[in-house]
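Below is target_7.pdb, holding PDB, C-alpha atoms.
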```pdb
MODEL        1
ATOM      1  CA  MET U 543       0.000   0.000   0.000
ATOM      2  CA  THR U 544       2.786   2.402   0.857
ATOM      3  CA  VAL U 545       4.606   1.727  -2.400
ATOM      4  CA  GLU U 546       1.428   2.330  -4.408
ATOM      5  CA  THR U 547       0.729   5.613  -2.613
ATOM      6  CA  GLU U 548       4.252   6.871  -3.160
ATOM      7  CA  GLY U 549       4.075   5.896  -6.803
ATOM      8  CA  ARG U 550       0.922   7.890  -7.335
ATOM      9  CA  ALA U 551       2.355  10.853  -5.485
ATOM     10  CA  GLY U 552       5.464  10.729  -7.661
ATOM     11  CA  ALA U 553       3.396  10.549 -10.837
ATOM     12  CA  SER U 554       1.277  13.478  -9.667
ATOM     13  CA  ALA U 555       4.357  15.566  -8.924
ATOM     14  CA  ALA U 556       5.836  14.759 -12.332
ATOM     15  CA  GLY U 557       2.571  15.672 -14.051
ATOM     16  CA  SER U 558       2.383  18.956 -12.190
ATOM     17  CA  GLN U 559       5.959  19.792 -13.187
ATOM     18  CA  THR U 560       5.231  19.073 -16.855
ATOM     19  CA  LEU U 561       2.106  21.224 -16.747
ATOM     20  CA  SER U 562       3.982  24.028 -15.019
ATOM     21  CA  ARG U 563       6.724  23.943 -17.638
ATOM     22  CA  GLY U 564       4.199  23.998 -20.461
ATOM     23  CA  LEU U 565       2.424  26.983 -18.950
ATOM     24  CA  SER U 566       5.759  28.767 -18.519
ATOM     25  CA  LEU U 567       6.398  28.304 -22.232
ATOM     26  CA  LEU U 568       3.005  29.758 -23.117
ATOM     27  CA  GLU U 569       3.581  32.740 -20.832
ATOM     28  CA  ALA U 570       7.005  33.417 -22.381
ATOM     29  CA  ILE U 571       5.576  33.244 -25.903
ATOM     30  CA  ALA U 572       2.642  35.482 -24.963
ATOM     31  CA  GLU U 573       5.045  38.198 -23.823
ATOM     32  CA  HIS U 574       6.627  38.354 -27.303
ATOM     33  CA  GLU U 575       3.970  38.777 -29.988
ATOM     34  CA  GLN U 576       6.582  38.613 -32.751
ATOM     35  CA  GLY U 577       7.508  35.104 -31.640
ATOM     36  CA  LEU U 578      10.557  33.435 -30.118
ATOM     37  CA  THR U 579      13.103  30.957 -31.430
ATOM     38  CA  ILE U 580      13.753  27.676 -29.643
ATOM     39  CA  PRO U 581      17.074  28.932 -28.145
ATOM     40  CA  GLN U 582      15.337  32.099 -26.930
ATOM     41  CA  LEU U 583      12.602  30.026 -25.304
ATOM     42  CA  CYS U 584      15.166  27.814 -23.609
ATOM     43  CA  ASN U 585      16.907  30.869 -22.172
ATOM     44  CA  ARG U 586      13.687  32.467 -20.933
ATOM     45  CA  VAL U 587      12.271  29.422 -19.180
ATOM     46  CA  GLY U 588      15.598  27.895 -18.135
ATOM     47  CA  LEU U 589      14.944  24.461 -19.655
ATOM     48  CA  HIS U 590      17.070  22.149 -21.782
ATOM     49  CA  ARG U 591      16.395  22.188 -25.513
ATOM     50  CA  SER U 592      15.163  18.569 -25.517
ATOM     51  CA  ILE U 593      12.533  19.346 -22.870
ATOM     52  CA  VAL U 594      11.370  22.449 -24.732
ATOM     53  CA  TYR U 595      11.058  20.487 -27.977
ATOM     54  CA  ARG U 596       8.986  17.806 -26.254
ATOM     55  CA  LEU U 597       6.652  20.350 -24.657
ATOM     56  CA  LEU U 598       6.254  22.273 -27.894
ATOM     57  CA  ARG U 599       5.296  19.127 -29.801
ATOM     58  CA  THR U 600       2.452  18.511 -27.353
ATOM     59  CA  LEU U 601       1.314  22.143 -27.515
ATOM     60  CA  GLU U 602       1.441  22.033 -31.316
ATOM     61  CA  GLU U 603      -0.734  18.926 -31.375
ATOM     62  CA  HIS U 604      -3.402  20.923 -29.532
ATOM     63  CA  ASN U 605      -2.889  23.999 -31.788
ATOM     64  CA  MET U 606      -1.831  26.089 -28.804
ATOM     65  CA  VAL U 607       1.439  27.122 -30.456
ATOM     66  CA  VAL U 608       2.588  27.422 -34.058
ATOM     67  CA  ARG U 609       6.123  27.102 -35.393
ATOM     68  CA  GLY U 610       6.660  29.110 -38.555
ATOM     69  CA  SER U 611       9.037  28.421 -41.415
ATOM     70  CA  ASP U 612      11.313  31.100 -39.948
ATOM     71  CA  GLY U 613      11.655  29.053 -36.740
ATOM     72  CA  LEU U 614       9.651  31.483 -34.612
ATOM     73  CA  VAL U 615       7.132  30.070 -32.147
ATOM     74  CA  THR U 616       3.898  32.020 -31.662
ATOM     75  CA  LEU U 617       0.604  31.356 -29.898
ATOM     76  CA  GLY U 618      -1.843  29.150 -31.772
ATOM     77  CA  PRO U 619      -5.544  29.457 -32.639
ATOM     78  CA  SER U 620      -6.758  27.160 -29.854
ATOM     79  CA  LEU U 621      -5.706  29.735 -27.267
ATOM     80  CA  LEU U 622      -7.850  32.368 -28.977
ATOM     81  CA  VAL U 623     -10.882  30.123 -28.587
ATOM     82  CA  LEU U 624     -10.092  29.599 -24.914
ATOM     83  CA  ALA U 625      -9.479  33.304 -24.347
ATOM     84  CA  ARG U 626     -12.875  34.281 -25.747
ATOM     85  CA  SER U 627     -14.595  32.173 -23.098
ATOM     86  CA  VAL U 628     -12.690  33.676 -20.155
ATOM     87  CA  SER U 629     -14.737  36.252 -18.233
ATOM     88  CA  ARG U 630     -16.883  36.843 -21.322
ATOM     89  CA  ASP U 631     -19.561  38.735 -19.395
ATOM     90  CA  VAL U 632     -16.991  40.981 -17.730
ATOM     91  CA  GLN U 633     -15.291  41.790 -21.010
ATOM     92  CA  ALA U 634     -18.565  42.467 -22.814
ATOM     93  CA  ALA U 635     -19.704  44.834 -20.070
ATOM     94  CA  ALA U 636     -16.348  46.525 -19.590
ATOM     95  CA  LEU U 637     -14.985  47.017 -23.098
ATOM     96  CA  PRO U 638     -17.302  49.870 -24.199
ATOM     97  CA  GLU U 639     -16.657  51.802 -21.003
ATOM     98  CA  LEU U 640     -12.919  51.060 -21.060
ATOM     99  CA  THR U 641     -12.777  52.323 -24.643
ATOM    100  CA  ARG U 642     -14.559  55.546 -23.740
ATOM    101  CA  LEU U 643     -12.394  55.996 -20.649
ATOM    102  CA  SER U 644      -9.186  55.410 -22.602
ATOM    103  CA  GLN U 645     -10.130  57.937 -25.265
ATOM    104  CA  ASP U 646     -11.339  60.573 -22.812
ATOM    105  CA  LEU U 647      -8.165  60.405 -20.722
ATOM    106  CA  GLN U 648      -5.812  59.462 -23.592
ATOM    107  CA  MET U 649      -4.392  56.734 -21.368
ATOM    108  CA  THR U 650      -4.341  52.962 -21.432
ATOM    109  CA  ALA U 651      -7.262  51.759 -19.298
ATOM    110  CA  PHE U 652      -7.554  48.283 -17.836
ATOM    111  CA  ILE U 653      -9.168  46.033 -15.260
ATOM    112  CA  ALA U 654      -6.938  44.093 -12.884
ATOM    113  CA  VAL U 655      -8.056  41.204 -10.688
ATOM    114  CA  LEU U 656      -6.650  39.349  -7.704
ATOM    115  CA  THR U 657      -5.504  35.797  -8.446
ATOM    116  CA  GLN U 658      -3.684  34.000  -5.634
ATOM    117  CA  ASP U 659      -0.886  36.424  -4.695
ATOM    118  CA  GLN U 660      -0.704  38.450  -7.912
ATOM    119  CA  VAL U 661      -2.525  41.261  -9.676
ATOM    120  CA  VAL U 662      -3.392  40.161 -13.210
ATOM    121  CA  THR U 663      -4.661  42.329 -16.063
ATOM    122  CA  LEU U 664      -7.986  40.930 -17.255
ATOM    123  CA  VAL U 665      -8.829  43.298 -20.114
ATOM    124  CA  SER U 666      -7.277  46.514 -21.417
ATOM    125  CA  VAL U 667      -7.819  49.219 -24.041
ATOM    126  CA  GLU U 668      -5.227  51.575 -25.494
ATOM    127  CA  PRO U 669      -6.178  55.050 -26.745
ATOM    128  CA  LYS U 670      -6.270  55.699 -30.475
ATOM    129  CA  VAL U 671      -3.562  58.327 -30.761
ATOM    130  CA  ASP U 672      -0.666  59.113 -33.053
ATOM    131  CA  GLY U 673       2.640  57.966 -31.660
ATOM    132  CA  ALA U 674       3.529  55.493 -28.959
ATOM    133  CA  THR U 675       1.180  54.410 -26.181
ATOM    134  CA  LEU U 676       1.700  52.297 -23.094
ATOM    135  CA  VAL U 677       0.679  48.676 -23.539
ATOM    136  CA  GLN U 678      -0.920  46.737 -20.680
ATOM    137  CA  ARG U 679      -1.384  43.244 -22.061
ATOM    138  CA  PRO U 680      -4.123  41.000 -20.679
ATOM    139  CA  GLY U 681      -2.503  38.294 -18.609
ATOM    140  CA  SER U 682       0.393  40.464 -17.446
ATOM    141  CA  ALA U 683       0.937  40.208 -13.696
ATOM    142  CA  HIS U 684       2.741  41.923 -10.861
ATOM    143  CA  PRO U 685       2.902  41.438  -7.067
ATOM    144  CA  LEU U 686      -0.037  42.438  -4.917
ATOM    145  CA  ASP U 687       2.090  44.903  -2.935
ATOM    146  CA  ALA U 688       3.202  46.926  -5.995
ATOM    147  CA  GLY U 689       1.427  49.571  -8.041
ATOM    148  CA  ALA U 690      -1.848  51.451  -7.748
ATOM    149  CA  PRO U 691      -3.988  48.550  -9.057
ATOM    150  CA  GLY U 692      -2.595  46.348  -6.294
ATOM    151  CA  ALA U 693      -3.245  49.016  -3.663
ATOM    152  CA  ALA U 694      -6.862  49.441  -4.819
ATOM    153  CA  ILE U 695      -7.306  45.672  -4.583
ATOM    154  CA  ARG U 696      -5.688  45.486  -1.127
ATOM    155  CA  ALA U 697      -8.151  48.148   0.026
ATOM    156  CA  GLN U 698     -10.910  45.546  -0.401
ATOM    157  CA  LEU U 699      -9.224  42.908   1.765
ATOM    158  CA  GLY U 700      -9.673  42.712   5.519
ATOM    159  CA  PRO U 701      -6.805  43.056   8.035
ATOM    160  CA  ALA U 702      -6.667  39.297   8.625
ATOM    161  CA  GLU U 703      -6.321  38.511   4.938
ATOM    162  CA  LEU U 704      -3.717  41.226   4.436
ATOM    163  CA  ALA U 705      -1.717  39.771   7.320
ATOM    164  CA  ALA U 706      -2.073  36.239   5.973
ATOM    165  CA  ARG U 707      -0.771  37.386   2.591
ATOM    166  CA  GLY U 708       2.079  39.329   4.189
ATOM    167  CA  VAL U 709       1.143  42.664   2.605
ATOM    168  CA  ALA U 710       0.548  46.048   4.188
ATOM    169  CA  THR U 711      -2.597  48.151   4.354
ATOM    170  CA  PRO U 712      -2.488  50.414   1.276
ATOM    171  CA  GLU U 713      -2.129  54.177   1.282
ATOM    172  CA  LEU U 714      -5.290  55.637  -0.206
ATOM    173  CA  PHE U 715      -6.290  59.120  -1.297
ATOM    174  CA  GLY U 716      -9.641  60.826  -1.730
ATOM    175  CA  ASP U 717     -12.317  60.093   0.864
ATOM    176  CA  ALA U 718     -13.878  56.968   2.350
ATOM    177  CA  ALA U 719     -16.703  56.970  -0.197
ATOM    178  CA  ARG U 720     -14.477  57.418  -3.248
ATOM    179  CA  PRO U 721     -10.953  56.239  -2.427
ATOM    180  CA  TYR U 722      -8.211  55.879  -5.001
ATOM    181  CA  ALA U 723      -4.598  54.734  -5.158
ATOM    182  CA  LYS U 724      -1.730  56.176  -7.131
ATOM    183  CA  SER U 725       1.795  55.029  -7.873
ATOM    184  CA  ARG U 726       4.846  55.922  -9.912
ATOM    185  CA  SER U 727       7.733  53.687 -10.993
ATOM    186  CA  GLN U 728       6.565  50.837  -8.766
ATOM    187  CA  VAL U 729       5.962  48.368 -11.587
ATOM    188  CA  LEU U 730       7.741  50.066 -14.514
ATOM    189  CA  ASP U 731      10.270  52.907 -14.292
ATOM    190  CA  GLY U 732       8.746  56.272 -15.164
ATOM    191  CA  VAL U 733       5.226  54.889 -15.468
ATOM    192  CA  SER U 734       2.432  56.229 -13.268
ATOM    193  CA  SER U 735      -0.922  54.681 -12.447
ATOM    194  CA  VAL U 736      -4.178  55.671 -10.772
ATOM    195  CA  ALA U 737      -6.666  52.989  -9.715
ATOM    196  CA  VAL U 738      -9.982  52.636  -7.905
ATOM    197  CA  PRO U 739     -11.638  49.573  -6.343
ATOM    198  CA  LEU U 740     -13.976  47.626  -8.612
ATOM    199  CA  ARG U 741     -16.489  44.908  -7.717
ATOM    200  CA  LEU U 742     -16.711  42.073 -10.215
ATOM    201  CA  PRO U 743     -18.744  38.866  -9.954
ATOM    202  CA  GLY U 744     -16.537  35.817  -9.561
ATOM    203  CA  TYR U 745     -13.487  37.694  -8.250
ATOM    204  CA  ALA U 746     -12.470  38.344  -4.655
ATOM    205  CA  ALA U 747     -11.252  41.837  -5.557
ATOM    206  CA  ALA U 748     -10.538  43.916  -8.639
ATOM    207  CA  SER U 749      -9.570  47.420  -9.669
ATOM    208  CA  LEU U 750     -10.100  49.791 -12.576
ATOM    209  CA  ALA U 751      -6.918  51.622 -13.507
ATOM    210  CA  VAL U 752      -5.045  53.706 -16.056
ATOM    211  CA  VAL U 753      -1.321  53.938 -16.775
ATOM    212  CA  PHE U 754       0.523  56.924 -18.219
ATOM    213  CA  VAL U 755       3.881  58.680 -18.339
ATOM    214  CA  GLY U 756       4.380  61.926 -16.463
ATOM    215  CA  GLY U 757       2.242  63.815 -13.986
ATOM    216  CA  GLU U 758      -1.518  64.223 -14.115
ATOM    217  CA  ASN U 759      -4.358  65.593 -12.010
ATOM    218  CA  ASP U 760      -4.670  62.425  -9.909
ATOM    219  CA  ALA U 761      -7.925  63.485  -8.248
ATOM    220  CA  GLY U 762      -9.522  64.335 -11.603
ATOM    221  CA  VAL U 763      -8.422  61.014 -13.108
ATOM    222  CA  ALA U 764      -9.743  59.172 -10.041
ATOM    223  CA  ALA U 765     -13.140  60.878 -10.328
ATOM    224  CA  THR U 766     -13.396  59.737 -13.952
ATOM    225  CA  LEU U 767     -12.390  56.199 -12.955
ATOM    226  CA  HIS U 768     -15.061  56.097 -10.247
ATOM    227  CA  ARG U 769     -17.736  57.088 -12.754
ATOM    228  CA  SER U 770     -16.636  54.340 -15.111
ATOM    229  CA  ALA U 771     -16.409  51.794 -12.288
ATOM    230  CA  SER U 772     -19.992  52.585 -11.273
ATOM    231  CA  LEU U 773     -21.227  52.023 -14.837
ATOM    232  CA  ILE U 774     -19.365  48.714 -15.180
ATOM    233  CA  GLU U 775     -20.642  47.476 -11.809
ATOM    234  CA  ALA U 776     -24.202  48.484 -12.710
ATOM    235  CA  ASP U 777     -24.040  46.211 -15.770
ATOM    236  CA  LEU U 778     -22.662  43.236 -13.855
ATOM    237  CA  LEU U 779     -24.035  43.315 -10.314
TER     238      LEU U 779
ENDMDL
END
```

Turn the structure described in the file into structure tokens.
Amino acid sequence: MTVETEGRAGASAAGSQTLSRGLSLLEAIAEHEQGLTIPQLCNRVGLHRSIVYRLLRTLEEHNMVVRGSDGLVTLGPSLLVLARSVSRDVQAAALPELTRLSQDLQMTAFIAVLTQDQVVTLVSVEPKVDGATLVQRPGSAHPLDAGAPGAAIRAQLGPAELAARGVATPELFGDAARPYAKSRSQVLDGVSSVAVPLRLPGYAAASLAVVFVGGENDAGVAATLHRSASLIEADLL
């Protein structure tokens, strides 16, 4: 009985490691829309070439990655199908308001959610402007204790949960009825953010935020974010 139990445990651990490695590959590829070569993938995920080849073959069989004739690996069509089903109601309700918000403020607007111990971008919209804009890709993540989106999310957690997660009570601005968080160079050098708490069905905590370069009227931006957050919540709650 003991041998059988240990065998199953070992198989489970091996399966979890394989899954983790495969997900790491997908995350690395997702961060580089132009694609990555096999050597570049090996360097980014820290795996031997033979392991990367084996994982990629499995992912290719499921159309989750594609290897082009130029040797670059990009995400495959199956992931697009999966992505469309993730938080479909949230995206449908949020996209029109995020688009309006992004254009009005000329900033990249996005919704971030709490997943385990990270803040993950769920959906984002960039303003239609000439020149460069800041990109906040869906799926990008940063620690809960960094950035305005993380602070706005921490504001929705109780003292016991904050202590259990090992993070501090956030510094908030505004008033108790309409609080907001702001940050600069906490996630990316030179990049500022303003965020407000957002209630979303299915998520423990979320925030509505914008990112930009330089200084802005934080209070004015926060007031606009609160209006948008109220509209999004009204559609979903």

(message) Give me, as a list in words, all polymer residues having an atom no more than 7 Å from region 576-588 of chain U, counting all atoms listed in the file and skipping those fewer than 4 positions away in the same chain.
(response) Ser566, Leu567, Ala570, Ile571, Val594, Gly613, Leu614, Val615 and Thr616 of chain U

(message) the PyMOL selection byres ((chain U and resi 748-762) around 9) - which residues does that actually catch in the file I just gave you? List them as a PyMOL selection string.
(response) chain U and resi 643-644+647-656+661+675-678+690-695+698+715-716+722+724+726+732-742+745-747+763-768+770-771

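Closest approach to Leu704 (chain U) from the set U:Asp659, U:Gly681, U:Leu664, U:Ser562 is made by U:Asp659, with distances taken over only C-alpha atoms.
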
(request) Would you work out the distance separating CA of Val607 (chain U) from CA of Thr560 (chain U), expressed in Å to one decimal? (result) 16.3 Å

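Taking CA of Asp646 (chain U) and CA of Lys670 (chain U) as endpoints, the distance between them is 10.4 Å.
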
(request) Please evaluate the PyMOL selection byres ((chain U and resi 777) around 12) against the structure above and give the resulting residues as a PyMOL selection string. (result) chain U and resi 631-639+741-743+770-776+778-779

(request) Point out the residue among U:Ser620, U:Gln559, U:Gln658, U:Ser725 with the least atom-to-atom distance to Pro712 (chain U), counting all atoms listed in the file. (result) U:Ser725

(request) Tell me, in Å to one decimal, how far CA of Ser682 (chain U) is from CA of Ser611 (chain U). (result) 28.2 Å

(message) Could you list, as a ChimeraX atom specification, every residue matched by the PyMOL selection byres ((chain U and resi 602) around 12) in this structure?
(response) /U:564,568,594-601,603-610,615-621
